[in-house]
Amino acid sequence: MPFPVKVCVICKEEFELKPDKPGFANRCPECSSEEANDPVMQHRVGADERKAESEVNAERRKAIRDLLYRKDS
């Protein structure tokens, strides 16, 4: 049974879509591997961002708690 032939959305080249192919089903293996090695995609979270995220999460938890346990007057 032949593999389906797809066209890559990035480079517009045809490729065979094989099982266990890394990356996306609409991208050829070469374009998929380039994205996996892209440093922009491997963003590291800094201390400032973690602190901001924890503050947002604390506010979110407080709002949910207030909604769940508020007393109707």
# chains A, B, ... in the order shown; residues from 1 in each chain; ligands from 1

call {"tool": "select_by_dssp", "arguments": {"residues": "chain A", "states": "strand (DSSP E or B)", "output": "VMD selection string"}}
result
chain A and resid 5 to 7 14 to 16

call {"tool": "atom_distance", "arguments": {"atom1": "atom CA of A:Leu68", "atom2": "atom CA of A:Arg50"}}
result
26.6 Å

call {"tool": "residues_around", "arguments": {"residues": "A:Arg27", "least_positions_apart": "5", "cutoff": "10 Å", "atoms": "only C-alpha atoms", "output": "VMD selection string"}}
result
chain A and resid 6 to 15 17 21 to 22 32 to 33

call {"tool": "atom_distance", "arguments": {"atom1": "atom CA of A:Ala58", "atom2": "atom CA of A:Lys71"}}
result
21.2 Å

call {"tool": "select_by_dssp", "arguments": {"residues": "chain A", "states": "alpha helix (DSSP H)", "output": "number ranges by chain"}}
result
A: 29-36, 47-69
